[in-house]
Every structure is written in C-alpha cells, then in structure tokens.
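Enquirer: Input start38.txt, format and content: compact mmCIF, C-alpha atoms and all ligand atoms.
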# COMPACT_ATOMS: atom_id res chain seq x y z
CA MET E 29 -12.76 -8.18 22.53
CA PRO E 30 -9.54 -9.71 23.96
CA ALA E 31 -6.32 -8.14 22.63
CA GLN E 32 -5.23 -11.28 20.75
CA ALA E 33 -8.60 -11.58 18.93
CA ALA E 34 -8.54 -7.88 18.04
CA ARG E 35 -5.02 -8.28 16.70
CA SER E 36 -5.96 -11.26 14.52
CA LYS E 37 -8.96 -9.35 13.18
CA ASN E 38 -6.66 -6.47 12.24
CA LEU E 39 -4.25 -8.83 10.53
CA ASP E 40 -7.06 -10.68 8.71
CA ALA E 41 -8.27 -7.36 7.31
CA ILE E 42 -4.78 -6.46 6.09
CA VAL E 43 -4.33 -9.88 4.48
CA SER E 44 -7.66 -9.83 2.67
CA ASP E 45 -6.92 -6.33 1.33
CA GLU E 46 -3.24 -6.69 0.45
CA ALA E 47 -2.10 -10.30 0.06
CA PHE E 48 -3.98 -11.80 -2.90
CA LEU E 49 -2.33 -9.88 -5.71
CA TRP E 50 0.03 -12.51 -7.06
CA GLY E 51 -2.01 -15.54 -8.09
CA ASP E 52 -2.62 -17.27 -11.43
CA ASP E 53 -3.84 -14.01 -12.96
CA VAL E 54 -0.31 -12.56 -12.94
CA LEU E 55 1.35 -15.55 -14.59
CA GLU E 56 2.54 -13.49 -17.55
CA ALA E 57 2.91 -10.18 -15.76
CA TYR E 58 4.87 -11.53 -12.80
CA HIS E 59 5.63 -15.24 -12.40
CA LEU E 60 7.11 -15.99 -15.84
CA PRO E 61 9.43 -12.97 -16.08
CA ALA E 62 10.42 -13.45 -12.40
CA GLU E 63 11.27 -17.09 -13.09
CA ALA E 64 13.42 -16.05 -16.06
CA ASP E 65 15.39 -13.67 -13.82
CA MET E 66 15.92 -16.10 -10.94
CA HIS E 67 19.36 -17.45 -11.88
CA ARG E 68 20.74 -13.93 -12.27
CA GLN E 69 19.32 -12.79 -8.92
CA TRP E 70 20.46 -15.94 -7.13
CA SER E 71 23.99 -15.90 -8.52
CA THR E 72 24.66 -12.16 -8.29
CA GLN E 73 22.71 -11.09 -5.20
CA ILE E 74 21.49 -13.93 -2.99
CA TRP E 75 24.13 -16.65 -3.10
CA PRO E 76 27.12 -14.27 -2.63
CA LEU E 77 25.56 -13.32 0.71
CA LEU E 78 24.31 -16.75 1.82
CA SER E 79 27.57 -18.49 0.95
CA LYS E 80 29.45 -16.38 3.51
CA TYR E 81 27.76 -18.30 6.32
CA ASP E 82 27.73 -21.85 7.53
CA ILE E 83 24.00 -22.31 6.98
CA ASP E 84 22.30 -25.61 7.65
CA TYR E 85 19.73 -25.96 4.85
CA SER E 86 18.46 -29.38 5.94
CA HIS E 87 14.93 -28.10 6.55
CA SER E 88 14.34 -24.83 4.70
CA VAL E 89 11.17 -22.77 4.65
CA ASP E 90 10.40 -20.70 1.55
CA LEU E 91 7.93 -18.11 2.83
CA ALA E 92 5.63 -16.54 0.22
CA CYS E 93 6.84 -19.06 -2.34
CA GLY E 94 4.74 -17.91 -5.32
CA HIS E 95 5.35 -20.35 -8.16
CA GLY E 96 8.42 -21.76 -6.45
CA ARG E 97 11.36 -20.20 -8.29
CA ASN E 98 13.26 -19.80 -4.98
CA THR E 99 12.47 -23.35 -3.89
CA ALA E 100 14.06 -24.50 -7.15
CA MET E 101 17.30 -22.90 -5.87
CA LEU E 102 16.99 -24.10 -2.28
CA SER E 103 15.96 -27.63 -3.15
CA PRO E 104 19.43 -28.96 -4.19
CA LEU E 105 20.84 -27.65 -0.88
CA SER E 106 18.07 -29.01 1.35
CA GLN E 107 16.77 -32.37 2.46
CA LYS E 108 13.34 -30.86 2.96
CA VAL E 109 11.69 -27.62 1.83
CA THR E 110 8.42 -26.34 3.26
CA LEU E 111 6.70 -24.01 0.84
CA VAL E 112 4.39 -21.45 2.43
CA ASP E 113 2.00 -19.07 0.73
CA VAL E 114 -1.27 -17.32 1.55
CA ASN E 115 -2.65 -17.89 -1.94
CA GLY E 116 -4.06 -21.38 -2.55
CA GLU E 117 -3.46 -21.01 -6.31
CA ASN E 118 0.28 -20.73 -5.70
CA ILE E 119 0.29 -23.70 -3.35
CA GLU E 120 -1.56 -25.80 -5.96
CA PHE E 121 0.90 -24.72 -8.65
CA CYS E 122 3.88 -25.69 -6.46
CA LYS E 123 2.36 -29.05 -5.52
CA LYS E 124 2.45 -29.93 -9.22
CA ARG E 125 5.95 -28.52 -9.67
CA PHE E 126 7.63 -30.14 -6.62
CA ARG E 127 6.66 -33.75 -6.03
CA GLY E 128 7.83 -36.19 -3.38
CA ASP E 129 8.11 -36.26 0.37
CA ARG E 130 11.05 -33.81 0.40
CA PHE E 131 8.45 -31.07 -0.04
CA ALA E 132 5.73 -29.91 2.33
CA PHE E 133 3.11 -27.25 1.59
CA VAL E 134 1.44 -24.79 3.93
CA LYS E 135 -1.37 -22.45 3.03
CA THR E 136 -1.01 -19.83 5.72
CA SER E 137 -3.54 -17.38 7.20
CA GLY E 138 -1.16 -14.68 5.97
CA TYR E 139 0.47 -14.03 9.35
CA ASP E 140 1.34 -17.31 11.06
CA LEU E 141 3.26 -20.53 10.53
CA CYS E 142 1.18 -22.57 12.94
CA ASP E 143 1.42 -25.72 10.77
CA ILE E 144 5.19 -25.75 11.29
CA GLY E 145 6.41 -27.16 14.60
CA ASP E 146 8.50 -25.39 17.22
CA VAL E 147 12.30 -25.62 16.67
CA SER E 148 11.78 -27.84 13.59
CA VAL E 149 13.40 -25.67 10.90
CA SER E 150 17.07 -24.98 10.15
CA PHE E 151 16.66 -22.08 7.70
CA VAL E 152 13.91 -19.55 6.92
CA TYR E 153 14.00 -17.70 3.62
CA SER E 154 11.87 -15.14 1.83
CA PHE E 155 12.72 -13.24 -1.34
CA ASP E 156 10.76 -10.62 -3.29
CA ALA E 157 7.68 -10.86 -1.08
CA MET E 158 8.04 -9.29 2.38
CA VAL E 159 9.00 -5.99 0.73
CA HIS E 160 5.26 -5.68 0.10
CA PHE E 161 4.02 -6.74 3.55
CA ASP E 162 2.54 -4.45 6.16
CA LEU E 163 4.82 -4.02 9.18
CA ALA E 164 2.31 -5.78 11.45
CA ILE E 165 2.42 -8.84 9.16
CA VAL E 166 6.23 -8.77 9.05
CA GLN E 167 6.29 -8.61 12.83
CA ALA E 168 3.91 -11.56 13.15
CA TYR E 169 6.15 -13.67 10.88
CA VAL E 170 9.40 -12.68 12.62
CA LYS E 171 7.86 -13.82 15.88
CA GLU E 172 7.06 -17.12 14.17
CA PHE E 173 10.64 -17.44 12.81
CA ALA E 174 11.91 -17.24 16.39
CA ARG E 175 9.55 -20.05 17.33
CA ILE E 176 10.16 -22.49 14.44
CA LEU E 177 13.94 -22.04 14.05
CA ARG E 178 16.28 -24.44 15.77
CA PRO E 179 18.93 -22.83 17.97
CA GLY E 180 21.75 -21.79 15.63
CA GLY E 181 19.36 -21.71 12.63
CA TYR E 182 19.68 -18.86 10.14
CA GLY E 183 17.18 -16.65 8.37
CA PHE E 184 17.47 -14.68 5.13
CA ILE E 185 14.77 -12.08 4.57
CA HIS E 186 14.39 -9.60 1.74
CA HIS E 187 12.40 -6.66 3.15
CA SER E 188 11.88 -3.04 2.30
CA ASN E 189 13.99 -0.10 3.45
CA CYS E 190 11.41 2.39 2.34
CA MET E 191 10.61 5.00 4.92
CA GLU E 192 8.68 7.19 2.51
CA ALA E 193 5.98 4.50 2.32
CA PHE E 194 4.84 5.53 5.78
CA GLY E 195 1.15 6.45 5.82
CA LYS E 196 0.67 5.39 2.20
CA ASP E 197 -1.02 2.48 0.51
CA PHE E 198 1.97 0.39 -0.63
CA ARG E 199 0.41 0.15 -4.09
CA ASP E 200 0.98 3.90 -4.46
CA VAL E 201 4.71 3.56 -3.74
CA GLN E 202 7.28 2.78 -6.43
CA GLY E 203 7.83 -1.00 -6.63
CA TRP E 204 4.89 -1.52 -4.24
CA ARG E 205 7.21 -1.19 -1.24
CA ASN E 206 5.66 -1.12 2.23
CA PHE E 207 6.92 0.87 5.21
CA ASN E 208 9.93 -0.78 6.84
CA SER E 209 13.61 -0.05 7.32
CA ARG E 210 16.93 -1.72 7.91
CA GLU E 211 16.90 -0.46 11.52
CA ILE E 212 13.30 -1.45 12.25
CA PHE E 213 13.84 -4.98 10.94
CA ALA E 214 17.06 -5.35 12.95
CA ARG E 215 15.39 -4.20 16.20
CA MET E 216 12.44 -6.49 15.44
CA CYS E 217 14.77 -9.52 15.19
CA GLU E 218 16.38 -8.58 18.50
CA ARG E 219 13.02 -8.04 20.11
CA PHE E 220 12.14 -11.66 19.34
CA GLY E 221 15.48 -12.95 20.60
CA MET E 222 17.44 -13.28 17.34
CA GLN E 223 20.78 -11.80 16.33
CA VAL E 224 21.30 -9.84 13.15
CA VAL E 225 24.35 -11.21 11.36
CA GLU E 226 24.49 -8.94 8.32
CA GLN E 227 22.35 -6.45 6.44
CA GLN E 228 22.84 -5.38 2.82
CA LEU E 229 21.01 -2.50 1.20
CA LEU E 230 19.89 -2.97 -2.39
CA ASP E 231 19.04 -0.57 -5.17
CA TRP E 232 15.86 -2.14 -6.48
CA GLY E 233 14.51 0.80 -8.44
CA PRO E 234 15.36 3.71 -6.15
CA LYS E 235 18.69 3.62 -4.28
CA ASP E 236 18.69 1.57 -1.07
CA HIS E 237 14.97 0.81 -1.41
CA ASP E 238 15.37 -2.77 -0.17
CA CYS E 239 17.41 -4.70 2.34
CA PHE E 240 18.62 -8.28 2.78
CA THR E 241 18.88 -9.25 6.44
CA VAL E 242 20.65 -12.41 7.57
CA PHE E 243 19.87 -13.28 11.18
CA ARG E 244 20.41 -16.20 13.50
CA LYS E 245 18.62 -17.71 16.43
CA PRO E 246 21.26 -17.90 19.14
CA VAL E 247 22.28 -21.28 20.47
CA GLU E 248 21.79 -20.00 24.01
CA PRO E 249 18.41 -18.29 24.29
CA VAL E 250 18.63 -14.58 25.07
CA THR E 251 16.47 -12.87 27.65
CA ILE E 252 14.07 -10.46 26.04
CA THR E 253 14.30 -7.46 28.31
CA PRO E 254 11.82 -4.57 28.45
CA GLU E 255 14.69 -2.45 27.08
CA LEU E 256 14.87 -4.60 23.90
CA VAL E 257 11.12 -4.26 23.41
CA GLU E 258 11.30 -0.54 24.03
CA ARG E 259 14.26 -0.14 21.63
CA TYR E 260 12.25 -1.81 18.86
CA TRP E 261 9.12 0.19 19.55
CA GLN E 262 11.07 3.45 19.70
CA THR E 263 12.78 2.69 16.35
CA VAL E 264 9.38 2.19 14.69
CA VAL E 265 7.96 5.38 16.15
CA ASP E 266 11.10 7.41 15.32
CA GLY E 267 11.01 6.08 11.73
CA ALA E 268 7.33 6.89 11.35
CA ARG E 269 7.75 10.35 12.80
CA ALA E 270 10.80 11.18 10.65
CA SER E 271 8.98 9.99 7.55
CA ALA E 272 5.83 12.01 8.32
CA LEU E 273 7.92 15.12 8.93
CA ARG E 274 9.83 14.61 5.66
CA GLN E 275 6.59 14.21 3.72
CA THR E 276 5.14 17.34 5.30
CA ALA E 277 8.35 19.28 4.67
CA THR E 278 8.24 18.30 0.98
CA LEU E 279 4.66 19.47 0.68
CA THR E 280 5.42 22.68 2.57
CA GLN E 281 8.27 23.39 0.15
CA ALA E 282 5.94 22.79 -2.80
CA LEU E 283 3.37 25.13 -1.25
CA LYS E 284 6.01 27.82 -0.78
CA ALA E 285 7.25 27.37 -4.37
CA ALA E 286 3.70 27.71 -5.70
CA GLN E 287 3.13 30.83 -3.58
CA ASP E 288 6.37 32.37 -4.90
CA ARG E 289 5.31 31.60 -8.45
CA VAL E 290 1.95 33.29 -7.96
CA SER E 291 3.66 36.39 -6.53
CA GLU E 292 6.09 36.43 -9.44
CA LEU E 293 3.22 36.22 -11.92
CA GLU E 294 1.36 38.98 -10.13
CA THR E 295 4.43 41.19 -10.38
CA ARG E 296 4.89 40.42 -14.07
CA LEU E 297 1.23 41.05 -14.79
CA GLY E 298 1.41 44.27 -12.80
CA CYS E 299 -1.77 43.48 -10.93
CA SER E 300 -3.11 41.10 -8.35
CA SER E 301 -5.20 38.15 -9.53
CA SER E 302 -8.27 39.50 -7.76
CA GLN E 303 -8.27 42.66 -9.96
CA ASP E 304 -9.09 40.89 -13.19
CA PRO E 305 -10.70 37.54 -12.49
CA GLY E 306 -12.44 36.91 -15.80
CA ALA E 307 -9.57 37.68 -18.15
CA ALA E 308 -8.74 35.22 -20.93
CA ASP E 309 -5.06 36.18 -20.85
CA PRO E 310 -2.99 32.94 -20.84
CA MET E 311 -0.83 34.25 -18.00
CA GLN E 312 -3.96 34.81 -15.96
CA GLN E 313 -5.12 31.29 -16.71
CA ILE E 314 -1.81 29.89 -15.47
CA GLU E 315 -2.20 31.98 -12.38
CA VAL E 316 -5.68 30.59 -11.72
CA GLN E 317 -4.32 27.08 -12.10
CA LEU E 318 -1.53 27.83 -9.66
CA GLN E 319 -4.02 29.20 -7.15
CA GLN E 320 -5.99 25.97 -7.45
CA ARG E 321 -2.81 23.99 -6.95
CA LEU E 322 -2.04 26.02 -3.86
CA GLY E 323 -5.38 25.05 -2.38
CA TRP E 324 -4.77 21.42 -3.32
CA LEU E 325 -1.34 21.42 -1.69
CA GLY E 326 -2.77 22.93 1.46
CA LEU E 327 -5.29 20.07 1.59
CA GLN E 328 -2.51 17.55 0.96
CA ILE E 329 -0.50 18.85 3.90
CA GLY E 330 -3.53 18.59 6.17
CA GLY E 331 -4.19 15.08 4.80
CA ALA E 332 -0.60 13.96 5.26
CA LEU E 333 -0.60 15.06 8.89
CA ARG E 334 -3.95 13.36 9.52
CA ILE E 335 -2.77 10.11 7.89
CA ALA E 336 0.50 10.25 9.83
CA LYS E 337 -1.44 10.57 13.08
CA GLN E 338 -3.83 7.72 12.20
CA GLN E 339 -0.99 5.51 11.05
CA ALA E 340 0.98 6.08 14.25
CA GLN E 341 -2.11 5.07 16.25
CA LEU E 342 -2.65 2.01 14.05
CA LEU E 343 1.00 0.99 14.40
CA ARG E 344 0.70 1.37 18.14
CA SER E 345 -2.21 -1.06 18.35
CA GLN E 346 -1.00 -3.46 15.64
CA LEU E 347 2.46 -3.85 17.08
CA SER E 348 1.01 -4.29 20.58
CA SER E 349 3.55 -1.70 21.66
CA ARG E 350 4.95 -2.12 25.12
CA SER E 351 2.81 -5.03 26.27
CA GLY E 352 4.66 -6.72 23.38
CA SER E 353 3.34 -10.14 22.40
C1 LIG Y 1 5.79 -10.90 -5.59
S1 LIG Y 1 5.29 -12.53 -5.19
C2 LIG Y 1 6.83 -13.34 -4.89
C3 LIG Y 1 6.77 -14.82 -4.97
C4 LIG Y 1 8.11 -15.52 -4.73
N1 LIG Y 1 8.70 -15.17 -3.48
C5 LIG Y 1 9.04 -15.19 -5.85
O1 LIG Y 1 10.13 -14.63 -5.60
O2 LIG Y 1 8.74 -15.52 -7.00
C6 LIG Y 1 4.63 -12.31 -3.56
C7 LIG Y 1 4.17 -13.59 -2.92
O3 LIG Y 1 3.79 -13.33 -1.58
C8 LIG Y 1 2.60 -14.05 -1.30
N2 LIG Y 1 2.00 -13.36 -0.15
C9 LIG Y 1 1.46 -12.14 -0.11
N3 LIG Y 1 1.07 -11.84 1.14
C10 LIG Y 1 1.38 -12.91 1.90
C11 LIG Y 1 1.26 -13.18 3.28
N4 LIG Y 1 0.73 -12.30 4.12
N5 LIG Y 1 1.70 -14.38 3.74
C12 LIG Y 1 2.25 -15.28 2.89
N6 LIG Y 1 2.38 -15.06 1.57
C13 LIG Y 1 1.98 -13.89 1.08
C14 LIG Y 1 1.83 -13.98 -2.58
O4 LIG Y 1 0.79 -14.89 -2.67
C15 LIG Y 1 2.94 -14.21 -3.57
O5 LIG Y 1 3.17 -15.57 -3.77
Can you give me the file's structure in the form of structure tokens?
Expert:
Amino acid sequence: MPAQAARSKNLDAIVSDEAFLWGDDVLEAYHLPAEADMHRQWSTQIWPLLSKYDIDYSHSVDLACGHGRNTAMLSPLSQKVTLVDVNGENIEFCKKRFRGDRFAFVKTSGYDLCDIGDVSVSFVYSFDAMVHFDLAIVQAYVKEFARILRPGGYGFIHHSNCMEAFGKDFRDVQGWRNFNSREIFARMCERFGMQVVEQQLLDWGPKDHDCFTVFRKPVEPVTITPELVERYWQTVVDGARASALRQTATLTQALKAAQDRVSELETRLGCSSSQDPGAADPMQQIEVQLQQRLGWLGLQIGGALRIAKQQAQLLRSQLSSRSGS
C-alpha cells in the first residue's frame, strides 16, 4: 500500500475510534455548560491573548466547532466564519444557529481541510478540542493550516501540554488530554513553515496541562530544511522517551515501596510469609494482598515498557518521520 494511503487508513482508524464523542448525546453533559462558560473563558483567557496581536479576522476558521460557542465570539470580528467539525450532528446544529452567507460549514474527514482553498483564510482558531486529538491528527491539521492561511495570517490553537498521556488512551487521562507538549507543537509549526509568536501554559485541572499557541504564517515563505524536520521529529521522540521513562520510574518506585512494606511486615510478624500461608491473621492477609500488588506492579512495568515501545513505533509511522510529508 502506498505510504499516503497507509497514513490515511491510520488516521481514519483514529478518527472513528476517538472523534465522535461530542455529538447531540452530550448536550447536557458538555455543550450547555460549555456554552454557559464561554464569556468567562473568552474574556479572561482567550481575548487577553488575541488582543495583543494585529489579527485579521476577515475569514476565520473555527476548527472542531461543536455547537458554535466560539463562532459566536468570532462572528462579530469576522466577515466570514467557516465552521469545521467531524461530527455531522454538530454541523447540522450550527447550520440552524448561524444563518446567512457569512457562514460556511465543512464536515471534515477528521484530519483534513480539503474543502477550504489554499491561502484563502486569514485566521485559524480552535479551542477546547485539539487537547483531545491524537498527535498524528494534530500534525495533519497543522499541515493544513500552513496551506490554507494567507501569508501573514495568524493561528490560535488550544492544545495539550500533557506528556504523561504518552502511551495511554486519552480517555484514561485526567481531562481526556492527549499526548502533546508546548515544545512539540512549536516544532511542528516550524516544520510546516510557520512561526510561533507566543505560547501560554494553562492550568486546566492539573498545573500547565494545556497550552495556547499563537502562530503566524510568514509573509515571505521559509525554506523547510531537513534540520527543521529533524528538530521536530527529535522533539517528539525525546518527549515520548522522557515520558515513558518517567512512567516506568514511578512504577519502579511503587514496586520498591511495596517490597519494603512486605519486608517490614515480615519483620513485625517475626516470620516470612511462606512459613504460615493459611493463617487468618489480619496482618498476614494484608501481606498476601501486598504480594499480589507486587506481582501486579511488575506486570504494569512490563506493560508500560511494551506500550512505550509500540507507541514510539506508531508515532514513527504516523508522523512519517524523516521522509516528512
Ligand atoms: C470538546 S468539543 C469542543 C467543541 C467546541 N470547540 C467548543 O469549545 O465548544 C470537541 C469537538 O471536537 C470535534 N472533533 C473531535 N475530533 C475531531 C477531528 N478529528 N476533527 C474535527 N473535529 C473533531 C467534536 O466533534 C467536537 O465538536
């Protein structure tokens, strides 16, 4: 299978597994409370950053628009807003909410903006969505931003800065954050020929879990050198490796703590666990539980290393590494 087809197949699989979690069924659980919080988030977090720059909003793209609460903020600033979402339910909702030819709607594959023309957009924006996206999906979109933005056009992207999500299903991470970081996103922008203007870390739940990146497509196109591609790739691999090592170190510490606890119990009981296996003594029961936990932790360490290895391989193929599309 040609590399491009294999890549799309990979991305399709990620989208079908991870993207359709915010449709009509989460109206009460997500869209309504999010809508109620929009003015606070816009006025205290988003606008203070955007207003520092001379952004041309004439044609804005709201990527992963949901029910359109961000478009409601962008609309007074823009002549045209293109609302993009992978979920047809959200697109249908927004078509009813925003009427008139100032609004265009795109139901995306989940990784491209092929319905939006080259150099036709002055501002790309995404809030409270890309934090959940797989790195390969984020990369595919950043490549598209570089294509659709006019020279001098700005982007504002809210993404995760959550290294501990490496090797995990994002739904098992607090706030459903996916693996990404401030550095990886910055190198990714550069790799596709854009300049990072400012990055702000945010405490959304855990400290510094998220990041706002403002970037700009330069007026004069930059040459994408092999060094830029390599710098990006190396940042991803370094981040993945550091995260895997941290996770393993945490588990190793837990294993050591459990071992120490078993030894302490053995000393207090004045015997080793193997001498009295059937005893109903509560201390002995705790000891048995700890022994089980030890075995479990050992398995977890093996599992974490295996997942880290698989994930590094997956990242390698998904991000097309050095051949760099
Ligand atoms: C948490 S909601 C946020 C919606 C909106 N940005 C907001 O702030 O209210 C996540 C949104 O991302 C959309 N989404 C998820 N994966 C996507 C993908 N790969 N491409 C485009 N949209 C996606 C979902 O359909 C949903 O609308």
Enquirer: Using only the atoms of ligand LIG 1 (chain Y) listed in the file, plus 8 Å on each side, state the axis-aligned box centre and edge lengths in Å rounded to one decimal, as JSON.
Expert:
{"center_x": 5.4, "center_y": -13.2, "center_z": -1.4, "size_x": 25.4, "size_y": 20.7, "size_z": 27.1}
Enquirer: Applying 7 Å and all atoms listed in the file, which residues near range 252-254 of chain E remain after dropping the ones on its own chain fewer than 4 positions away? List them as number ranges by chain.
Expert: E: 219, 221, 258
Enquirer: Only C-alpha atoms, please: the residues just picked out, written as a short mmCIF file (atom, residue, chain, number, x, y, z; two decimals), in the coordinates of the input.
Expert:
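Result saved to result.cif:
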data_model
loop_
_atom_site.label_atom_id
_atom_site.label_comp_id
_atom_site.auth_asym_id
_atom_site.auth_seq_id
_atom_site.Cartn_x
_atom_site.Cartn_y
_atom_site.Cartn_z
CA ARG E 219 13.02 -8.04 20.11
CA GLY E 221 15.48 -12.95 20.60
CA GLU E 258 11.30 -0.54 24.03
#
Enquirer: Considering all atoms listed in the file, can you say which of E:Leu273, E:Ala268, E:Met216, E:Leu283 comes closest to Leu256 in chain E?
Expert: E:Met216
Enquirer: Can you pull out every residue with an atom within 7 Å of ligand LIG 1 (chain Y)? Use only C-alpha atoms and all ligand atoms and format it as a PyMOL selection string.
Expert: chain E and resi 43+46-51+59+62-63+91-98+112-115+118+136-139+154-157+161+165
Enquirer: Hey, what's within 8 Å of range 206-208 of chain E if we count only C-alpha atoms and toss same-chain stuff fewer than 6 positions away? As a PyMOL selection string, please?
Expert: chain E and resi 159-163+187-194+197-198
Enquirer: Give me the residues within 12 Å of Asp129 in chain E as JSON, numbers by chain, counting all atoms listed in the file and dropping any in the same chain fewer than 3 places off.
Expert: {"E": [107, 108, 109, 110, 123, 126, 132, 133]}
Enquirer: Mind dumping the selected residues with C-alpha atoms as an mmCIF file, keeping the file's coordinate frame?
Expert:
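The result, stored in again.cif:
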data_model
loop_
_atom_site.group_PDB
_atom_site.id
_atom_site.type_symbol
_atom_site.label_atom_id
_atom_site.label_comp_id
_atom_site.auth_asym_id
_atom_site.auth_seq_id
_atom_site.Cartn_x
_atom_site.Cartn_y
_atom_site.Cartn_z
ATOM 1 C CA GLN E 107 16.770 -32.370 2.460
ATOM 2 C CA LYS E 108 13.340 -30.860 2.960
ATOM 3 C CA VAL E 109 11.690 -27.620 1.830
ATOM 4 C CA THR E 110 8.420 -26.340 3.260
ATOM 5 C CA LYS E 123 2.360 -29.050 -5.520
ATOM 6 C CA PHE E 126 7.630 -30.140 -6.620
ATOM 7 C CA ALA E 132 5.730 -29.910 2.330
ATOM 8 C CA PHE E 133 3.110 -27.250 1.590
#
Enquirer: Would you list the contacts of Val224 in chain E as a short mmCIF file (atom, residue, chain, number, x, y, z; two decimals) with C-alpha atoms, keeping the file's coordinate frame, taking every protein, DNA or RNA residue within 10 Å and counting only C-alpha atoms, but skipping same-chain residues closer than 2 positions in sequence?
Expert:
data_model
loop_
_atom_site.label_atom_id
_atom_site.label_comp_id
_atom_site.auth_asym_id
_atom_site.auth_seq_id
_atom_site.Cartn_x
_atom_site.Cartn_y
_atom_site.Cartn_z
CA TYR E 182 19.68 -18.86 10.14
CA GLY E 183 17.18 -16.65 8.37
CA PHE E 213 13.84 -4.98 10.94
CA ALA E 214 17.06 -5.35 12.95
CA ARG E 215 15.39 -4.20 16.20
CA MET E 216 12.44 -6.49 15.44
CA CYS E 217 14.77 -9.52 15.19
CA GLU E 218 16.38 -8.58 18.50
CA GLY E 221 15.48 -12.95 20.60
CA MET E 222 17.44 -13.28 17.34
CA GLU E 226 24.49 -8.94 8.32
CA GLN E 227 22.35 -6.45 6.44
CA THR E 241 18.88 -9.25 6.44
CA VAL E 242 20.65 -12.41 7.57
CA PHE E 243 19.87 -13.28 11.18
CA ARG E 244 20.41 -16.20 13.50
CA LYS E 245 18.62 -17.71 16.43
#
Enquirer: Choose the residue, out of E:Asp140, E:Asp84, E:Asp90, E:Asp288, that has the smallest atom-to-atom separation from Ser36 in chain E; count all atoms listed in the file.
Expert: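 Of E:Asp140, E:Asp84, E:Asp90, E:Asp288, the one nearest Ser36 in chain E is E:Asp140, counting all atoms listed in the file.
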Enquirer: Go ahead and compute the interatomic distance for CA of His87 in chain E and CA of Leu105 in chain E, in Å to one decimal.
Expert: 9.5 Å
Enquirer: Quick one: distance from CA of Asp266 in chain E to CA of Pro246 in chain E in Å, one decimal?
Expert: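 Separation between CA of Asp266 in chain E and CA of Pro246 in chain E: 27.5 Å.
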